[in-house]
Amino acid sequence: MDVLVSYKKQIDDLDSAARRGFSNTRLRELTTLTRKLVFLEHTMVDQTSTIEALVKSDFCQNVPQDICQNLTVEQQRLTKAIHIFRDLLDSISSLFTAMMDSNLNNLMKFLDSSGLVIAVAALVTGFMGMNVGGLPWKDDLYGFWITLGIASILSLLIAYLLHRKQYLK
């Protein structure tokens, strides 16, 4: 039971850490604690069948019934506590996963928006850089600067619109 009390403290620490954010260290601690509880749970399942067989055996007929009953009840309590702790760890793990998914979604949204801003500038300068006749400012001394200005203005306009829609956060 002392082991379960120490696990409960670790679960509470992980829970409070998960509410503040996530780190690789905390994720490793979560994985380690989950592994320990899995091993403990399987040990308790095996022990349950052993205790049931012991209570039904001839040996236990000579032992007072309240002792056998207490043994069975304590085994059930321990098994239930382990299941509760595993459920708590699963909820913390889900919280870590949701936080990582949210951060990844925000990063992808920012990268997509940045790519769109750069693509507009690349499109304008790509059209003006074609080696065909009839393009405006082809022979103008300031043609490069005019093209650069148009590309910059359009990129800034797209960036402003994306910022207003909160895509650049």
# chains A, B, ... in the order shown; residues from 1 in each chain; ligands from 1

$ residues_around --residues "Lys109 (chain A)" --least-positions-apart "3" --cutoff "9 Å" --atoms "only C-alpha atoms" --output "ChimeraX atom specification"
/A:104-106,112-114,167-169

$ residues_around --residues "Thr147 (chain A)" --least-positions-apart "5" --cutoff "8 Å" --atoms "only C-alpha atoms" --output "CSV table (one decimal) with C-alpha atoms, in the first residue's frame"
chain,number,residue,atom,x,y,z
A,124,VAL,CA,4.6,38.7,-58.5
A,125,THR,CA,8.4,38.7,-59.0
A,128,MET,CA,7.9,40.2,-63.8

$ residues_around --residues "region 18-21 of chain A" --least-positions-apart "5" --cutoff "12 Å" --atoms "only C-alpha atoms" --output "CSV table (one decimal) with N, CA and C atoms, in the first residue's frame"
chain,number,residue,atom,x,y,z
A,11,ILE,N,1.5,10.9,-9.3
A,11,ILE,CA,0.4,11.3,-10.2
A,11,ILE,C,-0.1,12.7,-9.9
A,12,ASP,N,-0.2,13.1,-8.7
A,12,ASP,CA,-0.6,14.5,-8.4
A,12,ASP,C,0.5,15.5,-8.9
A,13,ASP,N,1.8,15.2,-8.8
A,13,ASP,CA,2.8,16.0,-9.3
A,13,ASP,C,2.7,16.1,-10.8
A,26,ARG,N,8.7,15.4,-18.0
A,26,ARG,CA,7.4,15.0,-17.4
A,26,ARG,C,6.8,13.9,-18.3
A,27,LEU,N,7.0,13.9,-19.6
A,27,LEU,CA,6.5,12.8,-20.4
A,27,LEU,C,7.2,11.5,-20.1
A,29,GLU,N,8.5,10.8,-17.2
A,29,GLU,CA,8.0,10.3,-15.8
A,29,GLU,C,6.7,9.7,-16.0
A,30,LEU,N,5.8,10.2,-16.8
A,30,LEU,CA,4.5,9.7,-17.0
A,30,LEU,C,4.6,8.3,-17.6
A,89,LEU,N,-3.8,8.4,-14.7
A,89,LEU,CA,-2.6,8.5,-15.6
A,89,LEU,C,-3.1,8.6,-17.1
A,91,SER,N,-5.9,10.0,-18.1
A,91,SER,CA,-6.4,11.3,-18.3
A,91,SER,C,-5.3,12.4,-18.4
A,92,ILE,N,-4.2,12.2,-17.6
A,92,ILE,CA,-3.0,13.1,-17.7
A,92,ILE,C,-2.4,12.9,-19.1
A,93,SER,N,-2.2,11.7,-19.5
A,93,SER,CA,-1.6,11.4,-20.8
A,93,SER,C,-2.4,12.0,-21.9
A,94,SER,N,-3.7,12.0,-21.8
A,94,SER,CA,-4.6,12.6,-22.8
A,94,SER,C,-4.4,14.1,-22.8
A,95,LEU,N,-4.2,14.7,-21.6
A,95,LEU,CA,-4.0,16.1,-21.5
A,95,LEU,C,-2.7,16.5,-22.2
A,96,PHE,N,-1.6,15.8,-21.9
A,96,PHE,CA,-0.4,16.0,-22.6
A,96,PHE,C,-0.5,15.9,-24.1
A,97,THR,N,-1.2,14.9,-24.6
A,97,THR,CA,-1.4,14.7,-26.0
A,97,THR,C,-2.2,15.9,-26.6
A,98,ALA,N,-3.2,16.3,-26.0
A,98,ALA,CA,-4.0,17.4,-26.5
A,98,ALA,C,-3.2,18.7,-26.5
A,99,MET,N,-2.4,18.9,-25.5
A,99,MET,CA,-1.6,20.1,-25.5
A,99,MET,C,-0.5,20.1,-26.7
A,100,MET,N,0.1,18.9,-26.9
A,100,MET,CA,1.0,18.8,-28.0
A,100,MET,C,0.3,19.0,-29.3
A,102,SER,N,-2.4,20.7,-29.9
A,102,SER,CA,-2.7,22.1,-30.1
A,102,SER,C,-1.5,23.0,-30.5
A,103,ASN,N,-0.4,22.7,-29.9
A,103,ASN,CA,0.9,23.4,-30.2
A,103,ASN,C,1.3,23.1,-31.7

$ select_by_dssp --residues "chain A" --states "helix (DSSP H, G or I)" --output "number ranges by chain"
A: 2-20, 24-56, 59-62, 65-128, 143-164

$ atom_distance --atom1 "CA of Gln65 (chain A)" --atom2 "CA of Leu40 (chain A)"
27.2 Å

$ atom_distance --atom1 "CA of Val5 (chain A)" --atom2 "CA of Arg77 (chain A)"
13.4 Å

$ closest_residue --among "A:Thr32, A:Asn131, A:Asn62, A:Ser49" --to "Leu14 (chain A)" --atoms "only C-alpha atoms"
A:Thr32

$ atom_distance --atom1 "CA of Ile67 (chain A)" --atom2 "CA of Leu4 (chain A)"
22.7 Å
